[in-house]
Every structure is written in C-alpha cells, then in structure tokens.
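*Asks:* Hey, dropping run-v6.txt in here, compact mmCIF, C-alpha atoms:
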```
# COMPACT_ATOMS: atom_id res chain seq x y z
CA MET A 30 14.49 152.26 43.92
CA THR A 31 14.21 152.55 47.73
CA ARG A 32 15.94 149.10 48.14
CA HIS A 33 18.99 150.19 46.16
CA LEU A 34 19.43 153.34 48.27
CA ARG A 35 19.43 151.40 51.60
CA LEU A 36 22.34 149.16 50.60
CA PRO A 37 24.92 151.97 50.44
CA ALA A 38 23.68 153.35 53.74
CA LEU A 39 24.05 149.97 55.47
CA ALA A 40 27.54 149.58 54.03
CA ALA A 41 28.57 152.96 55.40
CA THR A 42 27.25 152.09 58.84
CA PHE A 43 29.24 148.80 58.83
CA ILE A 44 32.49 150.60 57.91
CA VAL A 45 32.05 153.11 60.77
CA ALA A 46 31.52 150.27 63.25
CA LEU A 47 34.74 148.55 62.14
CA GLY A 48 36.67 151.79 62.65
CA LEU A 49 35.36 152.21 66.17
CA ALA A 50 36.31 148.62 67.05
CA ALA A 51 39.84 149.19 65.80
CA CYS A 52 40.23 152.33 67.94
CA GLY A 53 39.05 150.44 70.98
CA ASN A 54 41.64 147.70 70.46
CA ASN A 55 44.47 150.27 70.14
CA ALA A 56 43.44 152.02 73.33
CA ALA A 57 43.36 148.71 75.23
CA SER A 58 46.81 147.84 73.91
CA GLN A 59 48.25 151.20 75.00
CA THR A 60 46.65 150.80 78.46
CA SER A 61 48.19 147.33 78.82
CA THR A 62 51.65 148.60 77.75
CA SER A 63 51.49 151.52 80.17
CA SER A 64 50.56 149.20 83.05
CA SER A 65 53.45 146.86 82.21
CA SER A 66 55.96 149.76 82.12
CA SER A 67 54.71 151.10 85.44
CA SER A 68 55.07 147.65 87.04
CA ALA A 69 58.61 147.29 85.73
CA SER A 70 59.54 150.76 87.02
CA SER A 71 58.11 149.96 90.44
CA SER A 72 60.03 146.68 90.57
CA GLY A 73 63.37 148.40 89.67
CA SER A 74 63.02 151.05 92.37
CA SER A 75 62.88 148.42 95.13
CA THR A 76 66.32 146.94 94.27
CA SER A 77 69.25 148.10 96.48
CA SER A 78 71.86 150.06 94.56
CA PRO A 79 75.45 148.62 94.28
CA SER A 80 76.85 151.67 96.13
CA ALA A 81 74.56 151.05 99.11
CA MET A 82 75.57 147.38 99.29
CA SER A 83 79.26 148.32 99.00
CA SER A 84 78.88 150.85 101.82
CA ALA A 85 77.38 148.22 104.11
CA THR A 86 80.19 145.77 103.29
CA ASP A 87 82.87 148.40 103.92
CA SER A 88 81.30 149.27 107.28
CA ALA A 89 81.34 145.63 108.36
CA SER A 90 84.97 145.13 107.29
CA ALA A 91 86.13 148.25 109.14
CA THR A 92 86.03 146.48 112.51
CA ALA A 93 89.53 146.76 114.05
CA SER A 94 91.48 143.58 114.75
CA PRO A 95 93.40 143.17 118.02
CA SER A 96 96.83 144.80 117.88
CA SER A 97 99.88 142.55 118.09
CA ALA A 98 102.44 145.38 118.03
CA PRO A 99 105.46 144.94 120.32
CA VAL A 100 105.61 146.88 123.57
CA SER A 101 107.72 150.05 123.34
CA THR A 102 110.41 150.52 125.99
CA PRO A 103 111.70 153.80 127.48
CA SER A 104 115.00 153.47 125.62
CA GLY A 105 113.32 153.68 122.23
CA GLY A 106 113.80 149.98 121.52
CA SER A 107 111.04 147.36 121.71
CA THR A 108 110.49 143.93 123.19
CA GLU A 109 107.70 141.38 122.92
CA ALA A 110 105.01 141.61 125.57
CA GLY A 111 106.18 139.92 128.79
CA ALA A 112 109.91 140.03 127.88
CA PRO A 113 112.39 142.17 129.85
CA ALA A 114 112.81 145.77 128.70
CA ARG A 115 116.10 146.80 127.12
CA CYS A 116 118.97 147.76 129.40
CA VAL A 117 119.38 151.53 129.63
CA SER A 118 122.19 153.68 130.96
CA SER A 119 120.32 154.54 134.18
CA GLN A 120 120.52 150.89 135.31
CA LEU A 121 123.99 150.03 133.97
CA LYS A 122 127.59 150.45 135.03
CA ALA A 123 130.39 150.54 132.42
CA SER A 124 133.95 149.28 132.87
CA LEU A 125 136.89 147.91 130.90
CA GLY A 126 137.70 144.23 131.16
CA ALA A 127 140.52 142.05 129.93
CA GLY A 128 140.51 141.25 126.23
CA ALA A 129 142.79 139.51 123.78
CA GLY A 130 145.76 141.69 124.65
CA GLY A 131 147.57 143.57 121.87
CA ALA A 132 150.03 143.34 119.02
CA ALA A 133 151.61 145.63 116.40
CA GLY A 134 150.08 148.84 117.74
CA HIS A 135 146.63 147.39 118.46
CA VAL A 136 145.20 146.96 121.96
CA TYR A 137 142.19 144.74 122.65
CA SER A 138 140.01 144.84 125.77
CA LYS A 139 136.31 144.44 126.61
CA ILE A 140 133.67 147.03 127.30
CA VAL A 141 131.61 145.53 130.12
CA LEU A 142 128.07 146.62 131.03
CA THR A 143 126.69 145.43 134.38
CA ASN A 144 123.04 145.51 135.42
CA THR A 145 122.92 147.55 138.65
CA GLY A 146 119.10 147.67 138.72
CA SER A 147 116.64 145.50 140.62
CA THR A 148 114.97 143.88 137.58
CA PRO A 149 116.25 141.86 134.60
CA CYS A 150 116.95 143.72 131.35
CA LEU A 151 117.81 142.80 127.75
CA LEU A 152 121.25 143.62 126.32
CA SER A 153 121.52 143.01 122.58
CA GLY A 154 123.51 144.48 119.69
CA PHE A 155 126.20 147.14 119.38
CA ALA A 156 126.98 150.09 121.63
CA GLY A 157 127.95 153.51 120.34
CA VAL A 158 131.54 154.24 121.47
CA SER A 159 133.76 157.33 121.09
CA LEU A 160 136.81 158.88 122.71
CA THR A 161 135.92 162.16 124.43
CA ALA A 162 137.53 164.98 126.40
CA GLY A 163 135.33 164.19 129.42
CA PRO A 164 131.96 162.79 130.59
CA SER A 165 130.07 165.61 128.84
CA GLY A 166 132.63 166.44 126.15
CA SER A 167 132.13 166.11 122.40
CA PRO A 168 133.45 163.03 120.57
CA ILE A 169 137.02 163.22 119.31
CA GLY A 170 137.61 161.73 115.88
CA ALA A 171 135.59 158.87 114.41
CA PRO A 172 133.33 156.64 116.52
CA ALA A 173 134.06 152.91 116.82
CA ASP A 174 133.49 150.82 113.70
CA ARG A 175 131.24 147.78 114.10
CA ASP A 176 132.96 144.41 113.75
CA SER A 177 130.31 141.87 112.70
CA SER A 178 132.54 138.81 112.98
CA VAL A 179 130.42 137.47 115.88
CA PRO A 180 126.60 137.27 115.72
CA VAL A 181 124.33 139.51 117.77
CA ALA A 182 123.04 137.72 120.89
CA ASP A 183 120.04 138.51 123.09
CA ILE A 184 121.39 138.56 126.65
CA VAL A 185 119.01 138.80 129.61
CA LEU A 186 121.02 140.36 132.44
CA GLN A 187 119.75 139.52 135.88
CA PRO A 188 120.62 142.10 138.58
CA GLY A 189 124.40 142.00 139.05
CA GLN A 190 125.12 140.17 135.76
CA SER A 191 127.26 141.56 132.93
CA GLY A 192 127.70 141.40 129.18
CA GLY A 193 130.93 142.21 127.33
CA ALA A 194 131.86 143.49 123.87
CA ASP A 195 135.36 143.13 122.41
CA PHE A 196 136.88 146.60 121.96
CA GLY A 197 139.87 147.43 119.77
CA TYR A 198 142.09 150.52 119.92
CA THR A 199 144.77 151.36 117.36
CA GLN A 200 147.66 153.59 118.43
CA PRO A 201 147.59 156.90 116.47
CA GLY A 202 151.32 156.74 115.69
CA LEU A 203 150.56 154.14 113.00
CA TYR A 204 148.84 156.84 110.91
CA GLY A 205 151.83 159.19 110.80
CA GLY A 206 151.13 162.71 109.52
CA SER A 207 147.49 161.95 108.65
CA CYS A 208 146.63 162.02 112.38
CA THR A 209 146.55 165.19 114.47
CA GLN A 210 146.99 163.77 117.94
CA VAL A 211 144.66 164.98 120.74
CA GLN A 212 144.49 163.80 124.32
CA ALA A 213 141.18 162.13 125.29
CA ALA A 214 140.08 161.73 128.91
CA GLY A 215 138.13 158.53 128.37
CA ILE A 216 135.50 156.53 126.52
CA ARG A 217 131.82 157.43 126.16
CA ILE A 218 129.43 154.50 125.68
CA TYR A 219 125.83 154.53 124.48
CA PRO A 220 124.17 151.17 125.30
CA PRO A 221 122.34 149.57 122.31
CA GLU A 222 119.27 151.61 121.30
CA ASP A 223 119.67 154.06 124.18
CA TYR A 224 120.12 157.83 124.05
CA GLY A 225 121.71 157.94 127.51
CA SER A 226 125.45 157.42 127.87
CA LEU A 227 128.07 156.13 130.32
CA PHE A 228 131.68 157.22 130.75
CA ILE A 229 134.84 155.27 131.49
CA ALA A 230 137.81 157.36 132.62
CA GLN A 231 140.61 155.97 130.44
CA PRO A 232 143.13 158.52 129.08
CA GLU A 233 144.06 157.74 125.48
CA THR A 234 145.58 159.57 122.55
CA ALA A 235 143.07 160.20 119.77
CA CYS A 236 143.14 161.61 116.24
CA SER A 237 141.04 164.72 115.66
CA GLU A 238 140.33 163.72 112.04
CA THR A 239 137.09 161.74 111.55
CA SER A 240 138.72 160.09 108.54
CA VAL A 241 141.06 158.17 110.88
CA HIS A 242 139.34 155.17 112.50
CA LEU A 243 141.13 154.07 115.67
CA LEU A 244 138.32 152.08 117.34
CA THR A 245 136.46 148.83 116.62
CA LEU A 246 133.68 147.13 118.59
CA LYS A 247 131.89 143.76 118.43
CA ALA A 248 128.36 142.90 119.55
CA PHE A 249 127.79 142.15 123.24
CA GLN A 250 128.15 138.54 124.38
CA PRO A 251 127.36 136.77 127.69
CA MET A 252 130.11 136.71 130.34
```
What do you get writing this file as structure tokens?

*Replies:*
Amino acid sequence: MTRHLRLPALAATFIVALGLAACGNNAASQTSTSSSSSSASSSGSSTSSPSAMSSATDSASATASPSSAPVSTPSGGSTEAGAPARCVSSQLKASLGAGAGGAAGHVYSKIVLTNTGSTPCLLSGFAGVSLTAGPSGSPIGAPADRDSSVPVADIVLQPGQSGGADFGYTQPGLYGGSCTQVQAAGIRIYPPEDYGSLFIAQPETACSETSVHLLTLKAFQPM
C-alpha cells in the first residue's frame, strides 16, 4: 500500500522539474534575443546619416573656381585681359571724310574717329548717329539705320590713327509732304558702346518725323 502511494508522488515531482526546465530555456532565449537587438541598435547608431555625408560633399564642392570674366572698361564695353580698352569720346576726335560721293538725292561720306589719346584703344562696331540742333541739342528725326553689308572689324587705334564708317544722307525733298523740314546744325556721334558723344558742325536739313529715315551708317573699318 505504501509503495503504490509513492509512485504518484514521484511522478508529480518529475512533472514539476520539467516545467522549471522549460521556463529556464525560455528566459535564456529572451535574454539572447534582447542582447542581439541591443547589438544591432548600437551598430546602426554608429553609421553616418546620408544628410551628413551630403553636407560634407556640398561643402567640398563649394570651393570657388578662378574667375575668367572679361575686364570691364569705363565705356561700359569689355575686353579680354591685356587687350586695349575700348575707344571712348574723351580720347577721340570726330570729323567727316570723303566717301563714295552721291547720286539721285543721296550723299555718301565717312564718319572718321581719330585716337587723340596717348594709349592704344579698340574701335569696333557701329556708332550712334543723329542730326541735332547743336552740340547739346536733342536729336532731330530718326537716328541712322545700321547697314550690315560689311562685317564688324576690331580695329586697334594707336595714338594718331583713325577708323572710318561709311555714312549716308538722303535729301529730305525726296519724301515730299511726309517730311516736315527742320534745319540741323550738325551730327552727334556716340562711339560704339560709349555714353559720351562727339559733335561735327555740319548744317543739314532734317525731317522732324521719326518715321522718315534719312541716315545710314556702316561698321567702322581701318583707314
């Protein structure tokens, strides 16, 4: 009778032991998983973020490169470093030279600009030309139209040298009643890319209407 009672008690003790072993294994597994997660988190926090790397790259690429911009001249134009500055009105003299003559109410001459300074200067392109009532008077009628039949040339004028542009004048009588005739005292000339002007005393009859174009001008050429 005593032997039969001990068997159930032993069985119960064995079952309790198995349960304790199982709990121990679960706890060890959870501890191992927690350690692995902590290690992974620590490893991820040591990696540089993309924004930090991008910031460093941007900072390195922001270094300025040497400027190769052309040198600005007082006239508002520009020349390459080491080249002569553009010719401006303060170092030029304007005059009228012989041109191709005239025919059928058209008169052709040359507007001549001479370097009166002590250093070379660059003359290139078209002048601005109008008939005016005087050296400081307002333009009368339309300014000269550009004639592009000859190419623009870069002309380096040494002191005393000149460049010339073919200048055409049409007599107002050819326009009949569409022209209100006004007496002009001469010709005002703005050298290429210059805000200063020169004046040639040359009385001419002009048209007050800006719709009537009496004047034409070509680009400057060497003389």

*Asks:* So what do you get for CA of Thr143 (chain A) versus CA of Gln231 (chain A), distance-wise?

*Replies:*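 Those two atoms sit 17.9 Å apart.
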
*Asks:* Is it possible to get the residues within 12 Å of (153.8, 149.0, 118.3) (coordinates as in the file, counting only C-alpha atoms) written as a ChimeraX atom specification?

*Replies:* /A:131-136,198-204

*Asks:* Would you mind telling me which residue in A:Asp195, A:Leu243, A:Cys150, A:Val158 lies nearest to Gly111 (chain A) when using only C-alpha atoms?

*Replies:*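 Checking each of A:Asp195, A:Leu243, A:Cys150, A:Val158 against Gly111 (chain A), counting only C-alpha atoms, the winner is A:Cys150.
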
*Asks:* As an exercise, work out the distance from CA of Ser167 (chain A) to CA of Thr234 (chain A) in Å and give it to one decimal place.

*Replies:* 15.0 Å

*Asks:* What is the distance between CA of Pro172 (chain A) and CA of Cys116 (chain A), in Å to one decimal?

*Replies:*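 Straight-line distance from CA of Pro172 (chain A) to CA of Cys116 (chain A) works out to 21.2 Å.
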
*Asks:* Using all atoms listed in the file, which residues sit within 12 Å of Ser124 (chain A) once same-chain residues fewer than 6 positions away are excluded, as a count of residues only?

*Replies:* 21

*Asks:* Let me make sure I understand: among A:Gly197, A:Ser226, A:Gly170, A:Pro232, which one has the smallest atom-to-atom distance to Thr209 (chain A) if we use only C-alpha atoms?

*Replies:* A:Gly170

*Asks:* Dig up all the protein and nucleic acid residues within 7 Å of (145.2, 164.2, 122.3) in the file frame, using all atoms listed in the file, and format them as a PyMOL selection string.

*Replies:* chain A and resi 210-213+234-236

*Asks:* Using only C-alpha atoms, please write the residues we just selected to a file, as a compact mmCIF listing (two decimals), in the frame of the given file.

*Replies:*
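result.txt, freshly written:
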```txt
# COMPACT_ATOMS: atom_id res chain seq x y z
CA GLN A 210 146.99 163.77 117.94
CA VAL A 211 144.66 164.98 120.74
CA GLN A 212 144.49 163.80 124.32
CA ALA A 213 141.18 162.13 125.29
CA THR A 234 145.58 159.57 122.55
CA ALA A 235 143.07 160.20 119.77
CA CYS A 236 143.14 161.61 116.24
```

*Asks:* Which one of A:Gln190, A:Leu160, A:Ile169, A:Val181 sits closest to Gln120 (chain A) if you count all atoms listed in the file?

*Replies:*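 Once distances to Gln120 (chain A) are computed over all atoms listed in the file, the minimum belongs to A:Gln190.
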
*Asks:* Which residue out of A:Leu152, A:Ala114, A:Ala214, A:Leu125 has the minimum interatomic distance to Val185 (chain A) when only C-alpha atoms are used?

*Replies:* A:Leu152
